[in-house]
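Q: Have a peek at target.pdb (PDB, C-alpha atoms).
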```pdb
ATOM      1  CA  MET A   1      50.294 -20.598  -7.788
ATOM      2  CA  THR A   2      52.294 -21.881  -4.810
ATOM      3  CA  VAL A   3      51.137 -21.718  -1.179
ATOM      4  CA  ARG A   4      53.265 -22.560   1.844
ATOM      5  CA  VAL A   5      51.478 -24.215   4.794
ATOM      6  CA  PRO A   6      52.743 -25.021   8.320
ATOM      7  CA  ALA A   7      52.770 -28.080  10.537
ATOM      8  CA  LYS A   8      51.241 -27.819  14.005
ATOM      9  CA  VAL A   9      51.764 -29.038  17.520
ATOM     10  CA  ASN A  10      48.947 -29.317  20.065
ATOM     11  CA  VAL A  11      50.279 -27.750  23.239
ATOM     12  CA  GLN A  12      47.033 -28.789  24.910
ATOM     13  CA  LEU A  13      44.636 -31.418  23.611
ATOM     14  CA  ALA A  14      41.725 -31.943  26.007
ATOM     15  CA  VAL A  15      39.302 -34.616  24.770
ATOM     16  CA  GLY A  16      35.703 -35.125  25.846
ATOM     17  CA  ALA A  17      33.607 -38.275  25.682
ATOM     18  CA  ALA A  18      32.500 -39.642  22.323
ATOM     19  CA  ARG A  19      29.476 -37.806  20.902
ATOM     20  CA  PRO A  20      26.520 -39.550  19.210
ATOM     21  CA  ASP A  21      28.039 -38.655  15.818
ATOM     22  CA  GLY A  22      31.267 -40.444  16.744
ATOM     23  CA  PHE A  23      33.325 -37.280  17.117
ATOM     24  CA  HIS A  24      34.661 -35.892  20.403
ATOM     25  CA  ASP A  25      34.371 -32.360  21.750
ATOM     26  CA  LEU A  26      37.850 -30.877  22.116
ATOM     27  CA  ALA A  27      39.701 -28.005  23.712
ATOM     28  CA  ASN A  28      42.603 -28.021  21.313
ATOM     29  CA  VAL A  29      45.313 -25.360  21.648
ATOM     30  CA  PHE A  30      47.045 -25.306  18.277
ATOM     31  CA  LEU A  31      50.480 -23.821  17.659
ATOM     32  CA  ALA A  32      51.816 -23.575  14.106
ATOM     33  CA  VAL A  33      55.526 -24.374  13.744
ATOM     34  CA  SER A  34      58.048 -23.387  11.094
ATOM     35  CA  LEU A  35      58.001 -26.694   9.255
ATOM     36  CA  PHE A  36      56.241 -26.337   5.926
ATOM     37  CA  ASP A  37      54.782 -28.115   2.922
ATOM     38  CA  GLU A  38      54.390 -26.244  -0.354
ATOM     39  CA  VAL A  39      51.358 -26.810  -2.566
ATOM     40  CA  THR A  40      51.518 -25.701  -6.212
ATOM     41  CA  VAL A  41      48.484 -25.692  -8.509
ATOM     42  CA  THR A  42      48.571 -25.182 -12.269
ATOM     43  CA  PRO A  43      45.842 -25.409 -14.931
ATOM     44  CA  ALA A  44      45.419 -28.907 -16.365
ATOM     45  CA  ASP A  45      43.049 -31.055 -18.405
ATOM     46  CA  GLU A  46      41.923 -32.977 -15.330
ATOM     47  CA  LEU A  47      42.447 -33.040 -11.562
ATOM     48  CA  THR A  48      45.737 -34.777 -10.771
ATOM     49  CA  VAL A  49      48.022 -34.921  -7.707
ATOM     50  CA  THR A  50      51.779 -35.506  -7.516
ATOM     51  CA  CYS A  51      54.108 -35.364  -4.529
ATOM     52  CA  SER A  52      57.842 -35.122  -3.831
ATOM     53  CA  GLY A  53      60.006 -34.993  -0.719
ATOM     54  CA  PRO A  54      60.348 -37.135   2.437
ATOM     55  CA  ASP A  55      57.565 -39.745   2.806
ATOM     56  CA  ALA A  56      56.159 -38.848  -0.639
ATOM     57  CA  ASP A  57      55.530 -42.528  -1.322
ATOM     58  CA  GLN A  58      53.029 -42.564   1.581
ATOM     59  CA  VAL A  59      50.883 -39.728   0.197
ATOM     60  CA  PRO A  60      47.697 -40.778  -1.681
ATOM     61  CA  LEU A  61      47.636 -39.371  -5.207
ATOM     62  CA  ASP A  62      43.939 -39.895  -5.924
ATOM     63  CA  ARG A  63      40.849 -37.909  -4.976
ATOM     64  CA  THR A  64      41.040 -39.089  -1.365
ATOM     65  CA  ASN A  65      43.944 -36.656  -0.875
ATOM     66  CA  LEU A  66      42.680 -33.619   1.070
ATOM     67  CA  ALA A  67      44.332 -31.301  -1.460
ATOM     68  CA  ALA A  68      42.283 -32.869  -4.264
ATOM     69  CA  ARG A  69      39.124 -32.764  -2.155
ATOM     70  CA  ALA A  70      39.742 -29.072  -1.448
ATOM     71  CA  ALA A  71      39.918 -28.345  -5.184
ATOM     72  CA  GLU A  72      36.718 -30.342  -5.735
ATOM     73  CA  LEU A  73      34.758 -28.541  -3.026
ATOM     74  CA  LEU A  74      35.883 -25.062  -4.060
ATOM     75  CA  ALA A  75      35.165 -25.752  -7.725
ATOM     76  CA  ALA A  76      31.708 -27.085  -6.900
ATOM     77  CA  ARG A  77      30.876 -23.951  -4.908
ATOM     78  CA  ALA A  78      32.136 -21.759  -7.737
ATOM     79  CA  GLY A  79      30.327 -23.757 -10.430
ATOM     80  CA  ARG A  80      33.507 -24.392 -12.400
ATOM     81  CA  SER A  81      35.786 -27.251 -13.397
ATOM     82  CA  ASP A  82      38.220 -28.655 -10.833
ATOM     83  CA  ALA A  83      40.814 -29.432 -13.531
ATOM     84  CA  VAL A  84      44.160 -28.545 -11.954
ATOM     85  CA  HIS A  85      47.451 -30.286 -11.371
ATOM     86  CA  ILE A  86      48.322 -30.195  -7.652
ATOM     87  CA  HIS A  87      51.944 -30.785  -6.699
ATOM     88  CA  ILE A  88      52.811 -31.196  -3.004
ATOM     89  CA  THR A  89      56.398 -30.618  -1.921
ATOM     90  CA  LYS A  90      56.393 -32.602   1.308
ATOM     91  CA  ASN A  91      58.369 -31.663   4.409
ATOM     92  CA  ILE A  92      55.812 -32.271   7.185
ATOM     93  CA  PRO A  93      55.916 -35.904   8.402
ATOM     94  CA  VAL A  94      53.131 -38.078   6.976
ATOM     95  CA  ALA A  95      50.623 -39.623   9.448
ATOM     96  CA  GLY A  96      52.642 -38.069  12.242
ATOM     97  CA  GLY A  97      50.094 -36.080  14.238
ATOM     98  CA  MET A  98      51.354 -32.773  12.809
ATOM     99  CA  ALA A  99      48.418 -32.122  10.427
ATOM    100  CA  GLY A 100      50.432 -32.572   7.237
ATOM    101  CA  GLY A 101      47.459 -33.772   5.209
ATOM    102  CA  SER A 102      45.293 -31.004   6.664
ATOM    103  CA  ALA A 103      47.958 -28.449   5.763
ATOM    104  CA  ASP A 104      47.961 -29.671   2.168
ATOM    105  CA  GLY A 105      44.181 -29.349   2.015
ATOM    106  CA  ALA A 106      44.325 -25.756   3.263
ATOM    107  CA  GLY A 107      47.196 -24.973   0.905
ATOM    108  CA  ALA A 108      45.380 -26.341  -2.138
ATOM    109  CA  LEU A 109      42.215 -24.474  -1.189
ATOM    110  CA  LEU A 110      43.964 -21.110  -1.030
ATOM    111  CA  ALA A 111      46.085 -21.828  -4.108
ATOM    112  CA  CYS A 112      43.036 -22.744  -6.211
ATOM    113  CA  ASP A 113      41.126 -19.715  -4.968
ATOM    114  CA  LEU A 114      43.994 -17.476  -6.070
ATOM    115  CA  LEU A 115      44.596 -19.314  -9.366
ATOM    116  CA  TRP A 116      40.926 -19.098 -10.298
ATOM    117  CA  GLY A 117      40.575 -15.475  -9.125
ATOM    118  CA  LEU A 118      37.556 -16.306  -6.958
ATOM    119  CA  HIS A 119      38.320 -13.947  -4.029
ATOM    120  CA  THR A 120      36.353 -16.222  -1.701
ATOM    121  CA  PRO A 121      35.789 -14.579   1.722
ATOM    122  CA  THR A 122      37.919 -16.044   4.510
ATOM    123  CA  ALA A 123      34.822 -17.123   6.442
ATOM    124  CA  GLU A 124      33.672 -19.200   3.473
ATOM    125  CA  LEU A 125      37.140 -20.711   3.030
ATOM    126  CA  LEU A 126      37.055 -21.695   6.703
ATOM    127  CA  ASP A 127      33.669 -23.371   6.178
ATOM    128  CA  ILE A 128      35.176 -25.460   3.373
ATOM    129  CA  CYS A 129      38.170 -26.252   5.588
ATOM    130  CA  ALA A 130      35.855 -27.520   8.333
ATOM    131  CA  GLU A 131      34.114 -29.744   5.792
ATOM    132  CA  LEU A 132      37.492 -31.205   4.837
ATOM    133  CA  GLY A 133      38.564 -32.027   8.402
ATOM    134  CA  SER A 134      38.877 -30.843  11.981
ATOM    135  CA  ASP A 135      42.489 -29.595  11.694
ATOM    136  CA  VAL A 136      42.193 -27.935   8.272
ATOM    137  CA  PRO A 137      40.830 -24.543   9.438
ATOM    138  CA  PHE A 138      43.856 -24.001  11.694
ATOM    139  CA  SER A 139      46.219 -24.877   8.857
ATOM    140  CA  LEU A 140      44.692 -21.987   6.915
ATOM    141  CA  VAL A 141      45.057 -19.378   9.682
ATOM    142  CA  GLY A 142      48.206 -20.555  11.555
ATOM    143  CA  GLY A 143      49.689 -18.692  14.497
ATOM    144  CA  ALA A 144      48.116 -19.917  17.723
ATOM    145  CA  ALA A 145      44.467 -20.676  18.387
ATOM    146  CA  LEU A 146      42.050 -22.528  20.621
ATOM    147  CA  GLY A 147      39.960 -25.007  18.648
ATOM    148  CA  THR A 148      36.632 -26.110  20.124
ATOM    149  CA  GLY A 149      33.808 -28.283  18.827
ATOM    150  CA  ARG A 150      35.766 -31.045  17.097
ATOM    151  CA  GLY A 151      38.634 -28.530  16.769
ATOM    152  CA  GLU A 152      37.309 -26.572  13.806
ATOM    153  CA  LEU A 153      35.879 -23.578  15.748
ATOM    154  CA  LEU A 154      38.871 -21.290  16.218
ATOM    155  CA  THR A 155      39.617 -18.456  18.634
ATOM    156  CA  PRO A 156      43.038 -16.785  18.219
ATOM    157  CA  VAL A 157      45.271 -16.775  21.316
ATOM    158  CA  GLU A 158      48.501 -14.985  22.141
ATOM    159  CA  ALA A 159      51.795 -16.855  21.788
ATOM    160  CA  GLY A 160      55.405 -15.921  22.407
ATOM    161  CA  ALA A 161      58.344 -17.508  20.589
ATOM    162  CA  PHE A 162      59.375 -21.090  21.437
ATOM    163  CA  HIS A 163      61.915 -23.656  20.197
ATOM    164  CA  TRP A 164      60.970 -27.252  19.410
ATOM    165  CA  VAL A 165      62.440 -30.579  18.364
ATOM    166  CA  PHE A 166      60.250 -33.194  16.678
ATOM    167  CA  ALA A 167      61.199 -36.859  16.537
ATOM    168  CA  VAL A 168      59.693 -38.649  13.558
ATOM    169  CA  ALA A 169      58.806 -42.262  14.343
ATOM    170  CA  GLU A 170      58.942 -45.279  12.072
ATOM    171  CA  GLY A 171      55.473 -45.966  10.705
ATOM    172  CA  GLY A 172      52.306 -44.024  11.388
ATOM    173  CA  LEU A 173      49.328 -44.015  13.715
ATOM    174  CA  SER A 174      45.748 -43.794  12.512
ATOM    175  CA  THR A 175      43.960 -40.888  14.193
ATOM    176  CA  PRO A 176      40.627 -42.793  14.305
ATOM    177  CA  ALA A 177      42.432 -45.762  15.891
ATOM    178  CA  VAL A 178      43.919 -43.526  18.583
ATOM    179  CA  PHE A 179      40.492 -42.062  19.383
ATOM    180  CA  ARG A 180      39.029 -45.581  19.556
ATOM    181  CA  GLU A 181      41.760 -46.521  22.020
ATOM    182  CA  PHE A 182      41.001 -43.342  24.007
ATOM    183  CA  ASP A 183      37.372 -44.482  24.220
ATOM    184  CA  ARG A 184      38.415 -47.987  25.287
ATOM    185  CA  LEU A 185      40.668 -46.647  28.040
ATOM    186  CA  ALA A 186      37.882 -44.288  29.170
ATOM    187  CA  GLU A 187      35.271 -47.044  29.590
ATOM    188  CA  GLY A 188      33.671 -47.009  33.025
ATOM    189  CA  ARG A 189      34.847 -43.548  34.056
ATOM    190  CA  ASP A 190      33.465 -40.040  33.701
ATOM    191  CA  VAL A 191      35.225 -38.007  31.036
ATOM    192  CA  PRO A 192      35.126 -34.297  31.949
ATOM    193  CA  GLU A 193      34.092 -31.608  29.507
ATOM    194  CA  PRO A 194      37.217 -30.389  27.728
ATOM    195  CA  GLN A 195      38.402 -26.954  28.846
ATOM    196  CA  ALA A 196      41.396 -24.861  27.849
ATOM    197  CA  SER A 197      43.852 -24.515  30.720
ATOM    198  CA  PRO A 198      44.169 -20.888  31.899
ATOM    199  CA  ALA A 199      47.716 -21.668  33.107
ATOM    200  CA  LEU A 200      48.679 -22.965  29.678
ATOM    201  CA  LEU A 201      47.214 -19.969  27.856
ATOM    202  CA  THR A 202      49.086 -17.618  30.199
ATOM    203  CA  ALA A 203      52.337 -19.527  29.721
ATOM    204  CA  LEU A 204      51.881 -19.565  25.951
ATOM    205  CA  ALA A 205      51.357 -15.814  25.832
ATOM    206  CA  SER A 206      54.339 -15.138  28.111
ATOM    207  CA  GLY A 207      56.937 -16.759  25.873
ATOM    208  CA  ASP A 208      58.395 -18.406  29.013
ATOM    209  CA  PRO A 209      59.493 -21.949  28.078
ATOM    210  CA  ASP A 210      59.694 -23.090  31.696
ATOM    211  CA  ALA A 211      56.112 -22.044  32.349
ATOM    212  CA  LEU A 212      54.889 -23.672  29.147
ATOM    213  CA  ALA A 213      56.813 -26.866  29.925
ATOM    214  CA  GLY A 214      54.801 -27.324  33.109
ATOM    215  CA  ALA A 215      51.484 -26.858  31.334
ATOM    216  CA  LEU A 216      51.719 -29.017  28.189
ATOM    217  CA  ALA A 217      49.026 -31.719  28.082
ATOM    218  CA  ASN A 218      47.658 -34.248  25.601
ATOM    219  CA  ASP A 219      44.704 -36.450  26.577
ATOM    220  CA  LEU A 220      45.412 -38.700  23.580
ATOM    221  CA  GLN A 221      48.941 -39.501  24.769
ATOM    222  CA  PRO A 222      47.968 -42.546  26.907
ATOM    223  CA  ALA A 223      46.055 -43.974  23.941
ATOM    224  CA  ALA A 224      48.958 -43.352  21.545
ATOM    225  CA  LEU A 225      51.403 -44.975  23.979
ATOM    226  CA  SER A 226      49.049 -47.922  24.456
ATOM    227  CA  LEU A 227      49.174 -48.551  20.707
ATOM    228  CA  ARG A 228      52.862 -47.647  20.359
ATOM    229  CA  PRO A 229      54.672 -48.358  23.682
ATOM    230  CA  ASP A 230      58.025 -47.768  21.947
ATOM    231  CA  LEU A 231      57.302 -44.039  21.890
ATOM    232  CA  GLN A 232      57.900 -43.856  25.657
ATOM    233  CA  ARG A 233      61.604 -44.505  25.087
ATOM    234  CA  THR A 234      61.725 -41.626  22.618
ATOM    235  CA  LEU A 235      60.028 -39.294  25.104
ATOM    236  CA  THR A 236      62.456 -40.327  27.846
ATOM    237  CA  THR A 237      65.509 -39.934  25.609
ATOM    238  CA  GLY A 238      64.621 -36.337  24.755
ATOM    239  CA  LEU A 239      64.072 -35.416  28.382
ATOM    240  CA  GLU A 240      67.376 -36.981  29.428
ATOM    241  CA  ALA A 241      69.085 -34.943  26.700
ATOM    242  CA  GLY A 242      67.831 -31.681  28.195
ATOM    243  CA  ALA A 243      64.362 -31.023  26.792
ATOM    244  CA  LEU A 244      62.168 -29.028  29.160
ATOM    245  CA  ALA A 245      59.123 -31.155  28.347
ATOM    246  CA  SER A 246      57.995 -33.849  25.953
ATOM    247  CA  LEU A 247      54.671 -35.025  24.592
ATOM    248  CA  VAL A 248      53.141 -37.006  21.786
ATOM    249  CA  SER A 249      52.161 -34.582  19.022
ATOM    250  CA  GLY A 250      48.403 -34.842  18.494
ATOM    251  CA  SER A 251      47.501 -38.468  17.816
ATOM    252  CA  GLY A 252      51.166 -39.330  17.174
ATOM    253  CA  PRO A 253      53.435 -41.048  16.500
ATOM    254  CA  THR A 254      55.632 -37.951  16.123
ATOM    255  CA  THR A 255      56.882 -36.763  19.520
ATOM    256  CA  ALA A 256      57.510 -33.108  20.394
ATOM    257  CA  PHE A 257      60.150 -31.661  22.705
ATOM    258  CA  LEU A 258      60.059 -28.126  24.069
ATOM    259  CA  VAL A 259      63.592 -26.754  24.476
ATOM    260  CA  ARG A 260      65.057 -23.523  25.795
ATOM    261  CA  ASP A 261      66.845 -22.268  22.675
ATOM    262  CA  GLY A 262      68.449 -23.245  19.394
ATOM    263  CA  GLU A 263      71.576 -24.634  21.060
ATOM    264  CA  ALA A 264      69.471 -26.920  23.244
ATOM    265  CA  ALA A 265      67.474 -27.963  20.181
ATOM    266  CA  SER A 266      70.622 -29.118  18.396
ATOM    267  CA  LYS A 267      71.739 -31.107  21.447
ATOM    268  CA  VAL A 268      68.392 -32.825  21.920
ATOM    269  CA  ALA A 269      68.075 -33.617  18.214
ATOM    270  CA  ALA A 270      71.556 -35.160  18.135
ATOM    271  CA  ALA A 271      70.789 -37.330  21.181
ATOM    272  CA  LEU A 272      67.516 -38.531  19.693
ATOM    273  CA  GLU A 273      69.135 -39.430  16.389
ATOM    274  CA  ALA A 274      71.984 -41.265  18.133
ATOM    275  CA  SER A 275      69.556 -43.229  20.317
ATOM    276  CA  GLY A 276      67.917 -45.109  17.476
ATOM    277  CA  THR A 277      64.480 -44.361  18.937
ATOM    278  CA  CYS A 278      63.304 -42.396  15.875
ATOM    279  CA  ARG A 279      64.061 -42.271  12.170
ATOM    280  CA  ALA A 280      64.590 -38.502  11.883
ATOM    281  CA  THR A 281      64.395 -35.255  13.829
ATOM    282  CA  ARG A 282      63.348 -31.724  12.915
ATOM    283  CA  THR A 283      64.241 -28.561  14.823
ATOM    284  CA  THR A 284      61.931 -25.619  14.445
ATOM    285  CA  THR A 285      60.302 -22.602  16.110
ATOM    286  CA  SER A 286      56.811 -21.284  16.740
ATOM    287  CA  PRO A 287      54.497 -19.584  16.091
ATOM    288  CA  ALA A 288      54.409 -19.670  12.288
ATOM    289  CA  PRO A 289      52.021 -18.039   9.794
ATOM    290  CA  GLY A 290      49.190 -19.990   8.218
ATOM    291  CA  ALA A 291      48.719 -20.688   4.511
ATOM    292  CA  THR A 292      50.717 -18.050   2.606
ATOM    293  CA  ALA A 293      51.002 -17.469  -1.136
ATOM    294  CA  LEU A 294      54.599 -17.386  -2.369
ATOM    295  CA  PRO A 295      55.812 -15.029  -5.111
TER     296      PRO A 295
END
```
Give the structure from this file in structure tokens form.

A:
Amino acid sequence: MTVRVPAKVNVQLAVGAARPDGFHDLANVFLAVSLFDEVTVTPADELTVTCSGPDADQVPLDRTNLAARAAELLAARAGRSDAVHIHITKNIPVAGGMAGGSADGAGALLACDLLWGLHTPTAELLDICAELGSDVPFSLVGGAALGTGRGELLTPVEAGAFHWVFAVAEGGLSTPAVFREFDRLAEGRDVPEPQASPALLTALASGDPDALAGALANDLQPAALSLRPDLQRTLTTGLEAGALASLVSGSGPTTAFLVRDGEAASKVAAALEASGTCRATRTTTSPAPGATALP
């Protein structure tokens, strides 16, 4: 059973102060993009994980992998063995702020549910996703949604079609490290309660790239740039090449560029690759469907 799962970009990521449990309340406007991993599960004698594709050597192949954890949790709820072979065909950048690991967890969860014929209700699958991680529920549903709480409580929102370029940086950024830097930079000041921007939601629904360009926001961007100052040059290069707007994707270090159309996407991608400020680019569109079983 093979399931295709999308990457995401956060068109708004509003972050509140650290909670007593160490997490942060978020207003996280997710947008799934047409850049996919594929997760294939087959019966096996024991739970194993393999991976192929770009950055495959950076993917953990033990039970810390979210795909393996998804199989474990679903099997435990169903009272059955978790013995499957999970193969991840990787296309989403690893540790890039695009929820690649979360996507694989959602993909494995749906694939195992289908392989085992469990017919688990969507609400229960979403509960398991939330147990796996804050971004995993959105990877299951895709499209566009506002995530609240720590991002796992989803409300669908309207979204028109948009074109994007993503610049993949050398190396990764630890999401916990970026949040710790956010907390450090926030010391001594009041951090407002995170709220979704009405202007952004209107722009997203309109399909107007100029309106959306003026509303993109990521509260983690200063923290990501503090840890990786080199990303500023990437952001500037994309803007100079004609992108309507740029931002760090999630916790980074991948950077996202909103462009007017496919022609502009090709131009911006070529400029980024020629600049030496990133190791690869991806052009894509949004919104994209969530986890989907393939024939």

Q: A:Ser34, A:Thr234, A:Ser286, A:Thr292: which is nearest A:Val11, counting only C-alpha atoms?

A: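 Among A:Ser34, A:Thr234, A:Ser286, A:Thr292, it is A:Ser286 that comes nearest to A:Val11.
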
Q: I need the residue set behind the PyMOL selection byres ((chain A and resi 164-166) around 6) for this file; please write it as a PDB file with C-alpha atoms, in the coordinates of the input.

A:
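Below is the file selection11.pdb, written as the result:
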```pdb
ATOM      1  CA  HIS A 163      61.915 -23.656  20.197  1.00  0.00           C
ATOM      2  CA  ALA A 167      61.199 -36.859  16.537  1.00  0.00           C
ATOM      3  CA  THR A 255      56.882 -36.763  19.520  1.00  0.00           C
ATOM      4  CA  ALA A 256      57.510 -33.108  20.394  1.00  0.00           C
ATOM      5  CA  PHE A 257      60.150 -31.661  22.705  1.00  0.00           C
ATOM      6  CA  LEU A 258      60.059 -28.126  24.069  1.00  0.00           C
ATOM      7  CA  VAL A 259      63.592 -26.754  24.476  1.00  0.00           C
ATOM      8  CA  ALA A 265      67.474 -27.963  20.181  1.00  0.00           C
ATOM      9  CA  THR A 281      64.395 -35.255  13.829  1.00  0.00           C
ATOM     10  CA  ARG A 282      63.348 -31.724  12.915  1.00  0.00           C
ATOM     11  CA  THR A 283      64.241 -28.561  14.823  1.00  0.00           C
ATOM     12  CA  THR A 284      61.931 -25.619  14.445  1.00  0.00           C
ATOM     13  CA  THR A 285      60.302 -22.602  16.110  1.00  0.00           C
TER      14      THR A 285
END
```

Q: Got a sec: who's within 12 Å of A:Leu173, counting all atoms listed in the file, leaving out chain neighbours fewer than 6 positions off, as JSON, numbers by chain?

A: {"A": [93, 94, 95, 96, 97, 98, 179, 180, 181, 220, 221, 223, 224, 225, 226, 227, 228, 231, 248, 249, 250, 251, 252, 253, 254, 255]}

Q: Starting from the shown file, work through the PyMOL selection byres ((chain A and resi 99) around 7) and note down what comes out as a VMD selection string.

A: chain A and resid 7 to 8 97 to 98 100 to 103 135

Q: Within 6 Å of stretch 146-162 of chain A, counting all atoms listed in the file, which residues qualify if same-chain residues fewer than 3 places away don't, as a list in words?

A: His24, Asp25, Leu26, Ala27, Asn28, Val29, Ala130, Ser134, Pro137, Leu204, Ala205, Ser206, Gly207, Thr285 and Ser286 of chain A

Q: Using only C-alpha atoms, pick whichever of A:Ala243, A:Ser275, A:Asp37, A:Gly238 has the shortest atom-to-atom distance to A:Gly262.

A: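 Distance minimum relative to A:Gly262 lands on A:Ala243.
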
Q: Identify which of the residues A:Ala271, A:Ala203, A:Leu212, A:Ala75 lies closest to A:Thr236, counting all atoms listed in the file when measuring atom-to-atom distances.

A: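 Between A:Ala271, A:Ala203, A:Leu212, A:Ala75, the residue approaching A:Thr236 most closely is A:Ala271.
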
Q: I need the residue nearest A:Gln58 from this list: A:Gly22, A:Gly107, A:Gly172, A:Gly133. Use all atoms listed in the file for the distance.

A: A:Gly172

Q: Apply the PyMOL selection byres ((chain A and resi 199) around 12) to the structure shown and report the selected residues as a PyMOL selection string.

A: chain A and resi 11-12+195-198+200-206+208+211-217

Q: Only all heavy atoms, as a compact mmCIF listing (two decimals), in the first residue's frame: that is what I want for stretch 263-270 of chain A.

A:
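What landed in selection08.txt:
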```txt
# COMPACT_ATOMS: atom_id res chain seq x y z
N GLU A 263 6.29 30.97 -15.06
CA GLU A 263 7.44 31.61 -15.72
C GLU A 263 8.31 32.32 -14.69
O GLU A 263 9.55 32.22 -14.71
CB GLU A 263 6.94 32.59 -16.78
CG GLU A 263 8.07 33.29 -17.54
CD GLU A 263 7.55 34.25 -18.60
OE1 GLU A 263 6.32 34.23 -18.86
OE2 GLU A 263 8.35 35.02 -19.15
N ALA A 264 7.67 33.05 -13.78
CA ALA A 264 8.43 33.73 -12.73
C ALA A 264 9.12 32.73 -11.81
O ALA A 264 10.25 32.95 -11.36
CB ALA A 264 7.50 34.63 -11.91
N ALA A 265 8.48 31.60 -11.57
CA ALA A 265 9.08 30.56 -10.73
C ALA A 265 10.38 30.06 -11.34
O ALA A 265 11.39 29.90 -10.64
CB ALA A 265 8.11 29.41 -10.52
N SER A 266 10.37 29.81 -12.64
CA SER A 266 11.58 29.33 -13.31
C SER A 266 12.71 30.35 -13.22
O SER A 266 13.87 30.00 -12.99
CB SER A 266 11.27 29.01 -14.78
OG SER A 266 10.32 27.97 -14.88
N LYS A 267 12.36 31.62 -13.39
CA LYS A 267 13.37 32.69 -13.33
C LYS A 267 13.98 32.80 -11.93
O LYS A 267 15.22 32.90 -11.77
CB LYS A 267 12.73 34.02 -13.74
CG LYS A 267 13.69 35.20 -13.70
CD LYS A 267 12.97 36.50 -14.08
CE LYS A 267 13.90 37.70 -13.94
NZ LYS A 267 13.21 38.98 -14.21
N VAL A 268 13.13 32.78 -10.92
CA VAL A 268 13.63 32.90 -9.55
C VAL A 268 14.47 31.68 -9.17
O VAL A 268 15.54 31.81 -8.56
CB VAL A 268 12.45 33.09 -8.57
CG1 VAL A 268 12.91 32.97 -7.12
CG2 VAL A 268 11.79 34.45 -8.80
N ALA A 269 14.01 30.50 -9.56
CA ALA A 269 14.77 29.29 -9.24
C ALA A 269 16.15 29.32 -9.89
O ALA A 269 17.16 28.97 -9.27
CB ALA A 269 14.00 28.06 -9.70
N ALA A 270 16.21 29.76 -11.15
CA ALA A 270 17.50 29.82 -11.85
C ALA A 270 18.44 30.81 -11.17
O ALA A 270 19.65 30.54 -11.01
CB ALA A 270 17.28 30.21 -13.31
```
